[in-house]
Amino acid sequence: MFKGRKKLFTQIGIFLAILGPGIITGSVDNDAGGITTYAVVGAEYGYTLIWTLIPAFIVLLVIQEMNARMGIVTGKGLADLIRENAGVKITFFIFIGLLIADIGNTTTEFAGVAGSMEVFGVSKYISVPIVAAFVWILVVKGTYKIAERIFLLFSVSLLTYVISAIMGKPHWGEIGTAIINPRMDMNTKSIAMVIGIIGTTIAPWMLFYMQSSVIEKGLKMKNFRFTLIDIVIGCVATVVVAFFIIVACASTLHVSGITINEAKDAALALKPLAGNFSSQVFAFGLFVASVFSATILPLATSYYVCEAFGFEAGIDKSWDEAPEFFTLYTGILVISACIILVPNAPLIAISLWSQVLNGIFLPAVLVCMILLVNNKKIMGKHVNKPMNNIIGWTAVAVLIGLSLTLLIIPFFS
């Protein structure tokens, strides 16, 4: 019995040591842009599009498992592998597009910081510089272990959206019907929304960050089952938070016929409908998610750009050891924060279209990733199983189809 308990405690210890990359990567998907997208979906369409979270969850789980497995087996980041196997030219064009999208995404995070703090009466000219400085110090002056612990705390804080949704008194029967009988209008707006949902739930930057984080954490295949549990928890948390954000806005704003343009609008609109506490909880969740993602998004971008072009990268390295990594990270933070401080900047357009761009760029990255994870020279016996490939290629086909439909529909309307 003593040996059995010792083995159990050992396994729990290993799991707690491995815990992090899956939960953090999944939680950051619910960033300010994601919260805005889910809030607009709930306010505009009610429960109608909530069914999209189910296929998004399945694809998210499969993709993160591929990412972690490839990172552990090869010891290389996804960007590094793409450059080695696709060439510098293709890599350059893919990553320039992703860099532009991620600057938009990071700008959206600071918009979330500004909007959430305005609900509490704090000016963006105070909140944005303070958060930008905090985020910069955490990454540049901190270590991976310290950063990871703070990130996990942020991840748990996102569950505040469950409280906000329940206080909105949702109609569970209608939610069940919307899930069992999925439907979608085939027009530009609806398709853009679905691409936005997929683009924020399964973002391109996520693929690079997940793979880089398992490498930096030094994970091994012998403990892969614990990594898989970490991934499952992260994916479940991602979809649960997304679900409750849609429910919170659908059961209050949609029912009352209130349309919104950004997450801050949702927090303010909830006050007369669900009470001041619900409004503040929603705003607090937005703030936590925004600070969290304002840290991770430029970090992920810096990882994959530096890996793609052969520069040193990593939180645990010094500025002298990885100057390109920390310079790029600092540059993205400064540019994004400055955009927010510009009067009358088109923040709503930046927020929504950055998510749509994520959905459009995602197929190119997925194609590269699936080809790599099926390459026996790279993965050996750890190549994909048939079901992984079926789900992965189906996701690529659906995203390409939706993106093409989005471009074609205006010519026939």
# chains A, B, ... in the order shown; residues from 1 in each chain; ligands from 1
call {"tool": "residues_around", "arguments": {"residues": "Gly257 (chain A)", "least_positions_apart": "5", "cutoff": "12 Å", "atoms": "only C-alpha atoms", "output": "ChimeraX atom specification"}}
result
/A:42-46,249-252,269,273
call {"tool": "residues_around", "arguments": {"residues": "Ser318 (chain A)", "least_positions_apart": "6", "cutoff": "9 Å", "atoms": "only C-alpha atoms", "output": "VMD selection string"}}
result
chain A and resid 140 to 141 326
call {"tool": "closest_atom_pairs", "arguments": {"of": "region 332-402 of chain A", "to": "region 217-222 of chain A", "cutoff": "12 Å", "atoms": "only C-alpha atoms", "output": "Markdown table"}}
result
| residue | atom | partner | partner_atom | distance |
| --- | --- | --- | --- | --- |
| A:Met379 | CA | A:Met221 | CA | 11.9 |
| A:Lys381 | CA | A:Met221 | CA | 11.8 |
| A:His382 | CA | A:Met221 | CA | 9.7 |
call {"tool": "select_by_dssp", "arguments": {"residues": "region 229-343 of chain A", "states": "alpha helix (DSSP H)", "output": "count of residues only"}}
result
85
call {"tool": "residues_around", "arguments": {"residues": "region 104-116 of chain A", "least_positions_apart": "4", "cutoff": "7 Å", "atoms": "only C-alpha atoms", "output": "short mmCIF file (atom, residue, chain, number, x, y, z; two decimals) with C-alpha atoms, in the first residue's frame"}}
result
data_model
loop_
_atom_site.label_atom_id
_atom_site.label_comp_id
_atom_site.auth_asym_id
_atom_site.auth_seq_id
_atom_site.Cartn_x
_atom_site.Cartn_y
_atom_site.Cartn_z
CA ASP A 31 -8.02 37.06 -25.09
CA ALA A 32 -9.55 40.52 -25.56
CA GLY A 33 -10.11 39.84 -29.26
CA ILE A 100 1.07 41.99 -39.03
CA LYS A 124 -6.42 54.46 -20.76
CA SER A 127 -3.81 51.83 -17.44
CA VAL A 128 -2.12 51.05 -20.78
CA LYS A 264 -16.32 46.96 -23.03
CA ALA A 283 -14.94 43.85 -17.00
CA PHE A 284 -12.53 42.18 -14.55
CA LEU A 286 -11.70 41.24 -19.74
CA PHE A 287 -8.85 42.98 -17.88
CA SER A 290 -6.09 41.31 -21.82
CA VAL A 291 -3.05 41.53 -19.51
CA SER A 293 -2.63 37.86 -23.65
CA ALA A 294 -0.69 41.12 -23.97
CA LEU A 297 0.93 37.13 -27.89
CA PRO A 298 4.07 39.23 -28.52
CA SER A 336 0.61 48.15 -29.93
CA ALA A 337 0.39 50.31 -26.80
CA ILE A 339 -1.76 52.65 -31.31
CA ILE A 340 -4.21 52.42 -28.40
CA LEU A 347 -9.98 49.79 -32.38
CA ILE A 350 -8.67 46.18 -35.60
CA SER A 351 -10.13 43.81 -33.00
CA SER A 354 -7.46 40.59 -36.50
#
call {"tool": "residues_around", "arguments": {"residues": "Val383 (chain A)", "least_positions_apart": "2", "cutoff": "10 Å", "atoms": "only C-alpha atoms", "output": "ChimeraX atom specification"}}
result
/A:66,69-70,73,370-381,385-386,388
call {"tool": "write_last_selection", "arguments": {"atoms": "C-alpha atoms", "output": "mmCIF file, in the first residue's frame"}}
result
data_model
loop_
_atom_site.group_PDB
_atom_site.id
_atom_site.type_symbol
_atom_site.label_atom_id
_atom_site.label_comp_id
_atom_site.auth_asym_id
_atom_site.auth_seq_id
_atom_site.Cartn_x
_atom_site.Cartn_y
_atom_site.Cartn_z
ATOM 1 C CA MET A 66 0.257 17.403 -32.570
ATOM 2 C CA ARG A 69 4.263 15.798 -29.673
ATOM 3 C CA MET A 70 6.266 17.426 -32.468
ATOM 4 C CA VAL A 73 10.174 14.620 -30.334
ATOM 5 C CA ILE A 370 0.385 18.469 -40.705
ATOM 6 C CA LEU A 371 2.958 17.762 -43.419
ATOM 7 C CA LEU A 372 5.759 18.040 -40.852
ATOM 8 C CA VAL A 373 4.118 15.833 -38.224
ATOM 9 C CA ASN A 374 3.619 13.118 -40.877
ATOM 10 C CA ASN A 375 7.264 13.205 -41.977
ATOM 11 C CA LYS A 376 8.967 10.026 -40.686
ATOM 12 C CA LYS A 377 12.419 11.597 -41.070
ATOM 13 C CA ILE A 378 11.383 14.224 -38.540
ATOM 14 C CA MET A 379 8.985 12.317 -36.269
ATOM 15 C CA GLY A 380 10.120 8.686 -36.573
ATOM 16 C CA LYS A 381 7.543 6.352 -35.004
ATOM 17 C CA LYS A 385 -2.391 8.447 -36.647
ATOM 18 C CA PRO A 386 -5.106 8.375 -39.374
ATOM 19 C CA ASN A 388 -5.443 13.007 -36.433
#
